[in-house]
Amino acid sequence: MVINGVEFDFDISDLKDHENYVNALKAYDAKIPEMKQTEGTDTLRFGISMIRDFFYDATGVDVCADVTSLTKAVGLYKAFIEKVAEQSQELNKMFDEFKTDKKEKAVPVYPVGYMGGARPPRK
């Protein structure tokens with residue numbers, strides 16, 4: 001994935017990436033009330049910092065290191081969220097393959113007797 005000219009690996013189906021992403025969103029949301037109490041230049045600085053922290057928490061990469069515009073930072077944030085949404089849609093399509101009918105419960109395509117875990121039982 002490339003955001004702001006910075007290339008990094010991010011896969012929403014990867015457990016670690018997913019957990020980092022969810023935790024970064026929670027931390028971002030928790031800072032919004034504090035941002036609303038700022039004014040003027042402090043609002044700009046705080047908003048950029050929030051988005052910079054979000055990217056670092058979610059990806060481990062400082063995507064906004066050179067960003068000094070809140071408008072640009074918000075645009076980068078939105079672009080990332082959209083790319084993650086695209087990955088999520090692709091992931092959902094994979095799960096649709098398990099279904100025979102949208103109204104039916106998902107039917108996994110595993111060997112008979114397989115109840116989950118790291119690998120199917122030995123024969």
# chains A, B, ... in the order shown; residues from 1 in each chain; ligands from 1

call {"tool": "residues_around", "arguments": {"residues": "stretch 71-83 of chain A", "least_positions_apart": "6", "cutoff": "10 Å", "atoms": "only C-alpha atoms", "output": "PyMOL selection string"}}
result
chain A and resi 1-4+10-12+21+44+47-52+54-55+63-64+89

call {"tool": "select_by_dssp", "arguments": {"residues": "stretch 46-106 of chain A", "states": "helix (DSSP H, G or I)", "output": "ChimeraX atom specification"}}
result
/A:46-59,70-96

call {"tool": "write_last_selection", "arguments": {"atoms": "C-alpha atoms", "output": "PDB file, in the first residue's frame"}}
result
ATOM      1  CA  PHE A  46      -3.460  18.533  17.426  1.00  0.00           C
ATOM      2  CA  GLY A  47      -5.393  17.208  14.417  1.00  0.00           C
ATOM      3  CA  ILE A  48      -2.229  16.487  12.436  1.00  0.00           C
ATOM      4  CA  SER A  49      -0.742  14.811  15.490  1.00  0.00           C
ATOM      5  CA  MET A  50      -3.860  12.639  15.920  1.00  0.00           C
ATOM      6  CA  ILE A  51      -3.679  11.410  12.347  1.00  0.00           C
ATOM      7  CA  ARG A  52       0.077  10.906  12.517  1.00  0.00           C
ATOM      8  CA  ASP A  53      -0.373   8.823  15.693  1.00  0.00           C
ATOM      9  CA  PHE A  54      -3.196   6.878  14.036  1.00  0.00           C
ATOM     10  CA  PHE A  55      -1.010   5.896  11.085  1.00  0.00           C
ATOM     11  CA  TYR A  56       1.899   4.931  13.297  1.00  0.00           C
ATOM     12  CA  ASP A  57      -0.333   2.874  15.621  1.00  0.00           C
ATOM     13  CA  ALA A  58      -2.137   1.172  12.727  1.00  0.00           C
ATOM     14  CA  THR A  59       0.820   0.527  10.422  1.00  0.00           C
ATOM     15  CA  LEU A  70      -4.612  19.301   8.444  1.00  0.00           C
ATOM     16  CA  THR A  71      -6.507  19.150   5.152  1.00  0.00           C
ATOM     17  CA  LYS A  72      -3.777  16.971   3.640  1.00  0.00           C
ATOM     18  CA  ALA A  73      -3.600  14.777   6.765  1.00  0.00           C
ATOM     19  CA  VAL A  74      -7.353  14.207   6.701  1.00  0.00           C
ATOM     20  CA  GLY A  75      -7.130  13.335   2.996  1.00  0.00           C
ATOM     21  CA  LEU A  76      -4.425  10.753   3.730  1.00  0.00           C
ATOM     22  CA  TYR A  77      -6.524   9.318   6.558  1.00  0.00           C
ATOM     23  CA  LYS A  78      -9.558   9.033   4.271  1.00  0.00           C
ATOM     24  CA  ALA A  79      -7.489   7.410   1.507  1.00  0.00           C
ATOM     25  CA  PHE A  80      -6.192   4.812   3.950  1.00  0.00           C
ATOM     26  CA  ILE A  81      -9.660   4.092   5.333  1.00  0.00           C
ATOM     27  CA  GLU A  82     -10.954   3.629   1.762  1.00  0.00           C
ATOM     28  CA  LYS A  83      -8.136   1.196   0.906  1.00  0.00           C
ATOM     29  CA  VAL A  84      -8.828  -0.783   4.076  1.00  0.00           C
ATOM     30  CA  ALA A  85     -12.530  -0.864   3.128  1.00  0.00           C
ATOM     31  CA  GLU A  86     -11.566  -2.279  -0.286  1.00  0.00           C
ATOM     32  CA  GLN A  87      -9.482  -4.979   1.410  1.00  0.00           C
ATOM     33  CA  SER A  88     -12.423  -5.755   3.706  1.00  0.00           C
ATOM     34  CA  GLN A  89     -14.757  -6.116   0.725  1.00  0.00           C
ATOM     35  CA  GLU A  90     -12.347  -8.572  -0.889  1.00  0.00           C
ATOM     36  CA  LEU A  91     -12.204 -10.515   2.372  1.00  0.00           C
ATOM     37  CA  ASN A  92     -16.007 -10.605   2.537  1.00  0.00           C
ATOM     38  CA  LYS A  93     -16.128 -11.937  -1.036  1.00  0.00           C
ATOM     39  CA  MET A  94     -13.952 -14.861   0.046  1.00  0.00           C
ATOM     40  CA  PHE A  95     -16.445 -15.696   2.788  1.00  0.00           C
ATOM     41  CA  ASP A  96     -19.288 -15.568   0.273  1.00  0.00           C
TER      42      ASP A  96
END
